[in-house]
Structure formats: structure tokens, C-alpha cells
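See below for the structure under consideration.
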Amino acid sequence: MSAVLADQTVGVMGSGDERHESLAVSVGQLLASLEVNLLTGAGSGVMEAVSRGFVEARRGRGICIGIIPCSEADAGTPKDGYPNRFVELPIYTHLPYSGVRGQESLSRNHINVLTSAAIVALPGGPGTASEVSLAVQYRKPIVIFSPDRTLVAHFSTAAPRAATLEDVARFLERHLRPVAKGPKVNET
């Protein structure tokens with residue numbers, strides 16, 4: 001893609017336990033090359049791997065945003081282990097739920113989905129599956145990226161699957177709006 005897609009946010013959802021390193025890092029690098037913002041749930045696993053790929057790639061624009069869940073015991077305290085060290089803009093919430101409770105009203109998953117212009121879902125568990133379902137429910141553009149169909153068999157079948165990074169790039173090209181690169185105008 002040659003067009004800049006700046007000022008748009010792409011959510012990447014995935015496992016908080018498993019890194020799926022090659023998938024996640026390649027998606028992070030792709031998003032950095034597009035100069036978009038990256039949004040994740042700010043935890044470990046895929047969230048950390050995609051954030052690392054994004055932050056360590058050379059980029060002119062874009063920021064790594066993390067939506068932080070709170071501790072179930074104290075809404076003023078972030079959940080242990082959040083945010084991961086690659087999050088550049090942490091958004092702290094009073095929302096403790098995730099995982100199997102990911103579609104409940106006190107889950108940050110609603111923010112993750114609603115804030116994203118487009119979503120790339122990588123392999124993950126019940127929390128990721130809930131984000132895929134919410135994306136379908138909220139009619140957000142979403143693609144599931146996994147060459148291995150068995151890793152995402154529990155996700156909603158209403159969301160299409162991409163088997164290659166090139167498929168993901170084409171999806172983003174269709175669902176993000178290009179921003180014209182022109183001469184900078186001095187404002188006075």
C-alpha cells in the first residue's frame with residue numbers, strides 16, 4: 001500500500017497467554033508501515049508481541065494505544081501486568097472484565113472494538129472470541145488472521161479469515177480511508 005492511512009486506529013485482538021510471535025510481529029510491522037495507530041488490550045501474549053512489532057518498526061506516524069482493565073478488587077488500580085512495556089498511550093478504565101465475561105457491559109472489549117476503524121483478530125481464547133463477536137454485532141470491519149484454521153475455529157463464522165499477511169493488507173486497504181499526502185500548509 002502506498003497511501004498513508006494516518007489518524008486511523010486499527011485494533012488487534014488476540015491471546016493474552018500465547019504470543020503467536022510470527023503472526024503478531026508481522027501485523028505490528030504492517031500497521032507501522034501504514035502509519036496508523038495500533039490499539040490492543042495492553043496485556044501480554046499477542047497484545048505484547050504485536051505492540052513490540054509496531055513500536056520497534058520505523059514509523060513516521062501512529063501510536064501504540066492500550067486499553068487497560070482495572071483490578072476486580074479496586075477500580076482505581078490497573079489489573080496486574082498491565083500495560084505491557086510497549087504501550088505508548090495507556091487508557092486506564094474502570095472496567096475489570098475480560099475472557100469469558102468479555103461481552104458484559106463492564107468489559108473493556110467494547111471500547112477496544114468501538115474505537116477501532118478496523119480490527120484484525122489473531123488466535124486467542126474466550127476474550128478474543130468475544131471481541132470478534134462484538135465486532136460483528138457492532139458492524140465493525142474485522143478479519144481473522146490465522147493460516148491455521150483450527151486455532152480460530154471457535155470464533156464467529158460471520159467474520160472472514162485471512163490466511164496470509166497480504167490478505168490482511170488487502171482487507172485494511174479496503175476498510176481504511178487513505179489520507180492525501182500533500183504539502184504542509186503553515187497556519188497563522
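Chain lettering (A, B, ...) mirrors the order of the C-alpha cells, residue numbering begins at 1 for each chain separately, and ligand numbering begins at 1 in order of display.
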Members of segment 51-170 of chain A assigned helix (DSSP H, G or I) by DSSP, as number ranges by chain: A: 51-56, 99-101, 109-115, 126-137, 149-152, 165-170
Long-range neighbours of Gln29 of chain A as an NGL selection string, 7 Å cut-off, only C-alpha atoms, 3 positions minimum in chain: :A and (25-26 or 32-33 or 53-54 or 57)
Proximity to Pro78 of chain A - best of A:Thr157, A:Thr93, A:Ser105, A:Ser44, only C-alpha atoms: A:Thr93
Determine, counting only C-alpha atoms, which protein, DNA and RNA residues have an atom within 10 Å of an atom of Glu18 of chain A; residues of the same chain fewer than 6 positions away are not included. Present the result as a ChimeraX atom specification. /A:44-49,123-125
Mind checking which residues fall within 10 Å of Leu39 of chain A, counting only C-alpha atoms, ignoring those fewer than 3 positions away in the same chain, and posting them as an MDAnalysis selection string? chainID A and resid 9:13 36 42 47 50:51 63:67 87 89:90 112:113 115:116 119
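Between atom CA of Val120 of chain A and atom CA of Arg52 of chain A lies a distance of 16.0 Å.
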How many Å separate atom CA of Leu38 of chain A from atom CA of Glu166 of chain A?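 Between these atoms lies a distance of 18.1 Å.
The nearest approach to Arg174 of chain A among the residues A:Ile111, A:Ile68, A:Val143, A:Val136, with only C-alpha atoms taken into account, belongs to A:Val143.
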Using only C-alpha atoms, which protein or nucleic acid residues come within 9 Å of Pro141 of chain A? Drop anything in the same chain fewer than 6 positions from it, and give the result as an NGL selection string. :A and (116-120 or 135 or 159 or 171-172 or 175)
So that I have them on file, write out the residues from the current selection with all heavy atoms, as a compact mmCIF listing (two decimals), in the first residue's frame.
```txt
# COMPACT_ATOMS: atom_id res chain seq x y z
N SER A 116 -11.91 1.16 17.25
CA SER A 116 -11.14 0.72 16.08
C SER A 116 -11.89 0.98 14.77
O SER A 116 -13.07 0.66 14.66
CB SER A 116 -10.83 -0.77 16.19
OG SER A 116 -10.09 -1.02 17.37
N ALA A 117 -11.17 1.53 13.79
CA ALA A 117 -11.75 1.70 12.45
C ALA A 117 -11.85 0.35 11.75
O ALA A 117 -12.74 0.12 10.94
CB ALA A 117 -10.89 2.65 11.63
N ALA A 118 -10.92 -0.54 12.06
CA ALA A 118 -10.91 -1.91 11.54
C ALA A 118 -10.21 -2.78 12.58
O ALA A 118 -9.42 -2.28 13.39
CB ALA A 118 -10.18 -1.99 10.20
N ILE A 119 -10.49 -4.07 12.53
CA ILE A 119 -9.96 -4.99 13.54
C ILE A 119 -9.34 -6.20 12.87
O ILE A 119 -9.90 -6.77 11.93
CB ILE A 119 -11.09 -5.45 14.49
CG1 ILE A 119 -11.66 -4.23 15.23
CG2 ILE A 119 -10.61 -6.52 15.46
CD1 ILE A 119 -13.00 -4.46 15.85
N VAL A 120 -8.17 -6.58 13.39
CA VAL A 120 -7.51 -7.82 13.00
C VAL A 120 -7.49 -8.70 14.23
O VAL A 120 -6.93 -8.33 15.27
CB VAL A 120 -6.06 -7.56 12.50
CG1 VAL A 120 -5.38 -8.87 12.14
CG2 VAL A 120 -6.06 -6.59 11.33
N ALA A 135 -17.40 -7.23 17.40
CA ALA A 135 -17.14 -6.56 16.12
C ALA A 135 -18.25 -6.87 15.13
O ALA A 135 -18.71 -5.96 14.41
CB ALA A 135 -15.78 -6.98 15.57
N ALA A 159 -17.26 -13.59 10.65
CA ALA A 159 -16.06 -12.80 10.34
C ALA A 159 -15.19 -13.58 9.36
O ALA A 159 -14.94 -14.77 9.56
CB ALA A 159 -15.29 -12.51 11.63
N PHE A 171 -7.35 -6.40 3.10
CA PHE A 171 -8.50 -6.09 3.95
C PHE A 171 -8.41 -4.65 4.45
O PHE A 171 -9.38 -3.89 4.37
CB PHE A 171 -8.57 -7.08 5.12
CG PHE A 171 -9.44 -6.63 6.25
CD1 PHE A 171 -10.82 -6.78 6.20
CD2 PHE A 171 -8.88 -6.03 7.38
CE1 PHE A 171 -11.62 -6.34 7.24
CE2 PHE A 171 -9.68 -5.60 8.43
CZ PHE A 171 -11.05 -5.75 8.36
N LEU A 172 -7.24 -4.28 4.97
CA LEU A 172 -7.06 -2.93 5.51
C LEU A 172 -7.19 -1.88 4.40
O LEU A 172 -7.79 -0.82 4.61
CB LEU A 172 -5.72 -2.81 6.22
CG LEU A 172 -5.60 -3.64 7.51
CD1 LEU A 172 -4.18 -3.64 8.02
CD2 LEU A 172 -6.58 -3.14 8.57
N HIS A 175 -10.81 -1.20 3.90
CA HIS A 175 -11.62 -0.68 5.01
C HIS A 175 -11.09 0.57 5.68
O HIS A 175 -11.79 1.15 6.52
CB HIS A 175 -11.84 -1.78 6.04
CG HIS A 175 -12.69 -2.89 5.52
ND1 HIS A 175 -14.05 -2.75 5.32
CD2 HIS A 175 -12.37 -4.13 5.09
CE1 HIS A 175 -14.53 -3.87 4.82
NE2 HIS A 175 -13.53 -4.72 4.67
```
Separation of atom CA of Glu72 of chain A from atom CA of Pro96 of chain A, in Å and rounded to one decimal: 5.3 Å
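You can rank A:Glu131, A:Asp7, A:Ser107, A:Ile91 by their closest distance to Gly60 of chain A using only C-alpha atoms, and at the top of that list sits A:Asp7.
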Which residue out of A:Ala75, A:Leu176, A:Val27, A:Leu106 has the minimum interatomic distance to Ala162 of chain A when only C-alpha atoms are used? A:Val27
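Closest approach to Ser71 of chain A from the set A:Arg108, A:His94, A:Arg19, A:Arg177 is made by A:His94, with distances taken over only C-alpha atoms.
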Please provide the set of residues having any atom within 8 Å of Val132 of chain A, restricted to only C-alpha atoms, with same-chain residues fewer than 4 positions apart removed, written as a VMD selection string. chain A and resid 121 128 136 142 155 to 156 159
Would you save the residues from that selection as a PDB file, in the first residue's frame, using all heavy atoms?
```
ATOM      1  N   ALA A 121      -8.110  -9.855  14.135  1.00  0.00           N
ATOM      2  CA  ALA A 121      -8.138 -10.801  15.257  1.00  0.00           C
ATOM      3  C   ALA A 121      -7.146 -11.920  14.984  1.00  0.00           C
ATOM      4  O   ALA A 121      -7.181 -12.546  13.928  1.00  0.00           O
ATOM      5  CB  ALA A 121      -9.543 -11.373  15.445  1.00  0.00           C
ATOM      6  N   THR A 128     -10.820 -13.087  23.160  1.00  0.00           N
ATOM      7  CA  THR A 128     -10.684 -12.719  21.742  1.00  0.00           C
ATOM      8  C   THR A 128     -11.953 -13.096  20.989  1.00  0.00           C
ATOM      9  O   THR A 128     -12.443 -12.322  20.157  1.00  0.00           O
ATOM     10  CB  THR A 128      -9.459 -13.412  21.123  1.00  0.00           C
ATOM     11  OG1 THR A 128      -8.313 -13.152  21.938  1.00  0.00           O
ATOM     12  CG2 THR A 128      -9.210 -12.920  19.711  1.00  0.00           C
ATOM     13  N   VAL A 136     -18.665  -8.101  15.072  1.00  0.00           N
ATOM     14  CA  VAL A 136     -19.766  -8.482  14.180  1.00  0.00           C
ATOM     15  C   VAL A 136     -21.041  -7.764  14.617  1.00  0.00           C
ATOM     16  O   VAL A 136     -21.755  -7.178  13.797  1.00  0.00           O
ATOM     17  CB  VAL A 136     -19.954 -10.018  14.160  1.00  0.00           C
ATOM     18  CG1 VAL A 136     -21.238 -10.406  13.437  1.00  0.00           C
ATOM     19  CG2 VAL A 136     -18.740 -10.690  13.524  1.00  0.00           C
ATOM     20  N   ILE A 142     -13.838  -6.476  10.294  1.00  0.00           N
ATOM     21  CA  ILE A 142     -12.955  -7.381  11.024  1.00  0.00           C
ATOM     22  C   ILE A 142     -12.483  -8.487  10.102  1.00  0.00           C
ATOM     23  O   ILE A 142     -13.226  -8.940   9.229  1.00  0.00           O
ATOM     24  CB  ILE A 142     -13.645  -7.982  12.271  1.00  0.00           C
ATOM     25  CG1 ILE A 142     -12.654  -8.860  13.044  1.00  0.00           C
ATOM     26  CG2 ILE A 142     -14.930  -8.713  11.922  1.00  0.00           C
ATOM     27  CD1 ILE A 142     -13.107  -9.257  14.424  1.00  0.00           C
ATOM     28  N   PHE A 155     -14.152 -18.944  16.814  1.00  0.00           N
ATOM     29  CA  PHE A 155     -14.565 -17.569  16.550  1.00  0.00           C
ATOM     30  C   PHE A 155     -15.831 -17.571  15.692  1.00  0.00           C
ATOM     31  O   PHE A 155     -16.100 -18.521  14.964  1.00  0.00           O
ATOM     32  CB  PHE A 155     -13.477 -16.799  15.805  1.00  0.00           C
ATOM     33  CG  PHE A 155     -12.239 -16.492  16.617  1.00  0.00           C
ATOM     34  CD1 PHE A 155     -11.152 -15.917  16.003  1.00  0.00           C
ATOM     35  CD2 PHE A 155     -12.149 -16.760  17.968  1.00  0.00           C
ATOM     36  CE1 PHE A 155      -9.998 -15.605  16.720  1.00  0.00           C
ATOM     37  CE2 PHE A 155     -11.006 -16.461  18.697  1.00  0.00           C
ATOM     38  CZ  PHE A 155      -9.936 -15.880  18.064  1.00  0.00           C
ATOM     39  N   SER A 156     -16.557 -16.464  15.724  1.00  0.00           N
ATOM     40  CA  SER A 156     -17.760 -16.313  14.917  1.00  0.00           C
ATOM     41  C   SER A 156     -17.450 -16.565  13.444  1.00  0.00           C
ATOM     42  O   SER A 156     -16.487 -16.018  12.901  1.00  0.00           O
ATOM     43  CB  SER A 156     -18.320 -14.895  15.075  1.00  0.00           C
ATOM     44  OG  SER A 156     -19.345 -14.666  14.137  1.00  0.00           O
ATOM     45  N   ALA A 159     -17.264 -13.595  10.651  1.00  0.00           N
ATOM     46  CA  ALA A 159     -16.063 -12.801  10.343  1.00  0.00           C
ATOM     47  C   ALA A 159     -15.192 -13.584   9.364  1.00  0.00           C
ATOM     48  O   ALA A 159     -14.942 -14.774   9.562  1.00  0.00           O
ATOM     49  CB  ALA A 159     -15.285 -12.508  11.628  1.00  0.00           C
TER      50      ALA A 159
END
```
